[in-house]
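S.K.: Just dropping this structure here.
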Amino acid sequence: MKNPFAQPSPEQRSRPLRWLVPVLLVLLFLAVLIWLPWQARQMESNERQEQLIADTLWVEQTLRFELARSEEALAALGADLVVAPPPTPVLRARFAQMFKNGPELVRVAWLDEAGKLMASHGADMPAAGLPEATRQAAEMAHATRRGRYSEPYGATPSTHGLIDFYLPLYRQGQYAGSLVATYSLEVLLNETVPWWFAQDNALSLLDRDDHVVAQRAAGGPGRGVYTHRRDLDLPGALVALSTDSVKGAPKLLPNLLVGSVIVLALGLVLSLVALWRHISRTLAAEAALRQQMAFRTAMENSLLTGLRARDLEGRVTYVNRAFCQIVGLPEEALVGKKPPMPYWAPEAMGDYEERFRGVLAGTITPQFETVYQRSDGARVPVLVFEAPLVDVYGKQTGWMSSVLDITDRKRVEELNRQQEEKLQASARLATMGEISSMLAHELNQPLAAISSYTAGALNMLERADGGEVQPGLLKRALEQARQQAQRAGQIIRSVHEFVKKREPLRETVSIRSVVDGVRALIDLQARQAAVVLRVELPPDLPPVLADRILLEQVLLNLTRNAIEAMQDTPPEDRVLRIQGAHGRGQVSVSVIDRGHGIAPEVAERLFSPFHSTKAEGMGMGLSICRTAIEFHGGTLTHAPNPAGGTIFTFSLPAQAAAPALG
């Protein structure tokens, strides 16, 4: 008969626990079977919605960027119209370029202060004048003195809407007219929205009353499952971008089948492993723990990096062998020790104490360099990394430090620093030698001529010996000396003006004065390379509105490249020509050489930054030249020279008197 008061055996007590794991796994399987497919479907739906929002934001920014680029072009044109209206051919060319860059433009009109049409391009102006929406935008623009967009107008079930941008112009604070640009919202959507986005989404532009003024639905109408609306940030107008995806909601059945199979397989495997290997895994874990402890101890003792652990009061609780070797002290002399530490160097005591106060306050410096003092008095530069020391429960119990001996690195850094100083000194000497030899060669001739003429003048005075001096001869000698002194001064002034830093300044300048400004420097380079310089500028070449120094820099860069390109050209063919021409409201300057020319594969990236055909070049010269020319509203191009070599040509708008406005 069994004793009713007998205590159950350990095996009997553990038996319900063994059955508990499979039961919990079955319950978990049922819960996951219901939750996982729904969650997967929900995540997929959220991902589609988030992707639609991100794509809509990108499209909105693209639309706004396209309109902003057009606003900048209108502002630049308006500024030129206020300062000095260009000739009619130039104005037409400007209009044509704007329409080429912005296909969404329907019409651009220039009105004077009385509202009279001065010039236009594109569609004709409405017979009734500006639409009501545009007139309201004009009133707001006059009140704020800034450009304003009108509300969209003209949209019908069969046609898309238009929108106007009204830009008031002011001359010295007084209203001087306006520019009115009309955009097609349909073309704006078609040109700026990529095909792949329009294929998956129906896009619409809505006005203030949510009426559709333009739409694009290449993939068909949206299903209304994934939608998003984004307002365009247009001054004066409320236009919203609405997107409606053509995709439907994700289906639940495929996720349900896949999820069921995966969860069922995992549950069965885990249940079998838990029942069959419960005891063996416990024993294996204990053995692995002992092995890991031994391995960790051996690994820490074999590291070259010093390890140090401290509690929250700064007391050392652990050091490895590498740390003991760095400071030259045994482990028993460090563990349990509180600051001040025996390896603190006297000259860095203040830094140590400040960091220790940070440790007590709960803050540390994650990384710093300092100096430790070994027991023999030697100084050791170290790099210290510190991080919180957290126990298995996530509670901070102290600080862990990694200490690297950087003596060798400091020695290498010092050697590198000394080598870099030597290289810099050599570079400076080479640069000074190149400049000094070039200027000494060029200045030697005028200085020698000055010496000869002054010596001749003194000889004439001595031969006179109280007699009558011939004023004509003496004047010619002194005049020649003065001309040579002016020549030397011109060389020095050319170098000084070219390297002098200042802000860009637009003024009316002639191409001949630009060439004359750097003529001395070009002559200097040409003579050194045995190149003949020929300047061919028409006497009636009109002036341009530009920054003189920037044009001189462009001309000097182009001529220097041309001279270098003719290094391998026979001496009799080394001719550098600078030609000027004008026509169609443009002034062009061509730099023509007889060099090696430009290969087709090089020409494709010729104006790209950091692309150079010279071993020592940085690849920025031609890129800077093109940027400077485009800054003035011009263009920089190149073409092969029929006689061999290359022709670089930059064109700028000609500066002419403003036309009379009737």
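Every chain in the structure tokens has a letter given in the order shown (A, B, ...), and although residue numbers restart at 1 in each chain, ligands are simply numbered from 1 in the order shown.
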Can you list, as a list in words, every protein, DNA or RNA residue that comes within 10 Å of Gly177 of chain A when you count only C-alpha atoms, leaving out same-chain residues fewer than 3 positions away?
M.R.: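 Residues near the query, excluding close chain neighbours: Gly78, Leu81, Val82, Trp110, Leu111, Asp112, Glu113, Ala114, Gly115, Lys116, Leu117, Met118, Leu167, Pro168, Leu169, Tyr170, Arg171 and Gln174 of chain A.
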S.K.: Taking 5 positions as the minimum chain separation for residues in the same chain, which residues sit within 12 Å of segment 86-102 of chain A when counting only C-alpha atoms? Answer as an MDAnalysis selection string.
M.R.: chainID A and resid 63 65:81 107:110 118:123 179 181:184 187:188 191:192 544:545 583:587 633:634 652:661
S.K.: Quick check for you: according to DSSP on this backbone, which residues of segment 164-409 of chain A are classed as helix (DSSP H, G or I)? Reply as a ChimeraX atom specification.
M.R.: /A:185-192,195-200,253-276,278-302,321-327,331-333,346-360,407-409
S.K.: Would you kindly return, as a PDB file with N, CA, C and O atoms, in the first residue's frame, each protein, DNA or RNA residue with an atom no farther than 10 Å from any atom of segment 156-158 of chain A, considering only C-alpha atoms and excluding same-chain residues fewer than 6 positions away?
M.R.:
ATOM      1  N   HIS A 211     -10.286  70.516 -57.174  1.00  0.00           N
ATOM      2  CA  HIS A 211     -10.624  70.178 -58.554  1.00  0.00           C
ATOM      3  C   HIS A 211      -9.359  69.766 -59.295  1.00  0.00           C
ATOM      4  O   HIS A 211      -8.297  70.365 -59.107  1.00  0.00           O
ATOM      5  N   VAL A 212      -9.487  68.761 -60.153  1.00  0.00           N
ATOM      6  CA  VAL A 212      -8.338  68.273 -60.914  1.00  0.00           C
ATOM      7  C   VAL A 212      -8.015  69.274 -62.021  1.00  0.00           C
ATOM      8  O   VAL A 212      -8.874  69.598 -62.862  1.00  0.00           O
ATOM      9  N   VAL A 213      -6.774  69.778 -62.012  1.00  0.00           N
ATOM     10  CA  VAL A 213      -6.331  70.705 -63.055  1.00  0.00           C
ATOM     11  C   VAL A 213      -5.328  70.046 -64.000  1.00  0.00           C
ATOM     12  O   VAL A 213      -5.039  70.607 -65.059  1.00  0.00           O
ATOM     13  N   ALA A 214      -4.787  68.910 -63.616  1.00  0.00           N
ATOM     14  CA  ALA A 214      -3.893  68.150 -64.499  1.00  0.00           C
ATOM     15  C   ALA A 214      -3.764  66.757 -63.920  1.00  0.00           C
ATOM     16  O   ALA A 214      -3.785  66.577 -62.694  1.00  0.00           O
TER      17      ALA A 214
END
S.K.: Find the spatial neighbours of segment 597-599 of chain A, counting only C-alpha atoms, within a cut-off of 7 Å - ignore same-chain residues fewer than 6 positions away - and output them as a ChimeraX atom specification.
M.R.: /A:640,644-646
S.K.: Report, in Å to a single decimal, how far apart atom CA of Val518 of chain A and atom CA of Thr635 of chain A are.
M.R.: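 Here the two named atoms are 21.2 Å from each other.
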S.K.: Hey, can you check how far atom CA of Ala84 of chain A sits from atom CA of Leu551 of chain A?
M.R.: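 Computed distance, atom CA of Ala84 of chain A to atom CA of Leu551 of chain A, equals 20.8 Å.
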S.K.: Can you tell me which residues surround Val239 of chain A at a distance of at most 6 Å, considering only C-alpha atoms, apart from same-chain residues fewer than 2 positions away, and format the answer as an MDAnalysis selection string?
M.R.: chainID A and resid 206:207 231:232
S.K.: So which residues touch Leu312 of chain A within 8 Å, counting only C-alpha atoms, skipping near sequence neighbours fewer than 6 positions away, as a list in words?
M.R.: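 The residues that qualify are Val359, Leu360, Gly362, Thr397, Gly398 and Trp399 of chain A.
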S.K.: What would the file look like if the residues just selected were written as a compact mmCIF listing (two decimals), in the first residue's frame with N, CA, C and O atoms?
M.R.:
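Generated file (part-v1.txt):
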# COMPACT_ATOMS: atom_id res chain seq x y z
N VAL A 359 34.81 60.25 -13.56
CA VAL A 359 34.41 58.87 -13.25
C VAL A 359 33.48 58.84 -12.04
O VAL A 359 32.45 58.17 -12.03
N LEU A 360 33.84 59.60 -11.01
CA LEU A 360 32.99 59.63 -9.81
C LEU A 360 31.64 60.27 -10.11
O LEU A 360 30.63 59.92 -9.48
N GLY A 362 30.05 59.91 -12.87
CA GLY A 362 29.31 59.06 -13.79
C GLY A 362 29.53 59.36 -15.25
O GLY A 362 28.81 58.85 -16.10
N THR A 397 28.26 48.44 -13.49
CA THR A 397 29.02 48.15 -12.27
C THR A 397 30.37 48.85 -12.24
O THR A 397 31.09 48.74 -11.23
N GLY A 398 30.73 49.53 -13.32
CA GLY A 398 32.03 50.19 -13.32
C GLY A 398 32.38 50.64 -14.73
O GLY A 398 31.50 50.91 -15.56
N TRP A 399 33.71 50.69 -14.98
CA TRP A 399 34.22 51.17 -16.26
C TRP A 399 35.29 50.21 -16.77
O TRP A 399 36.08 49.70 -15.99
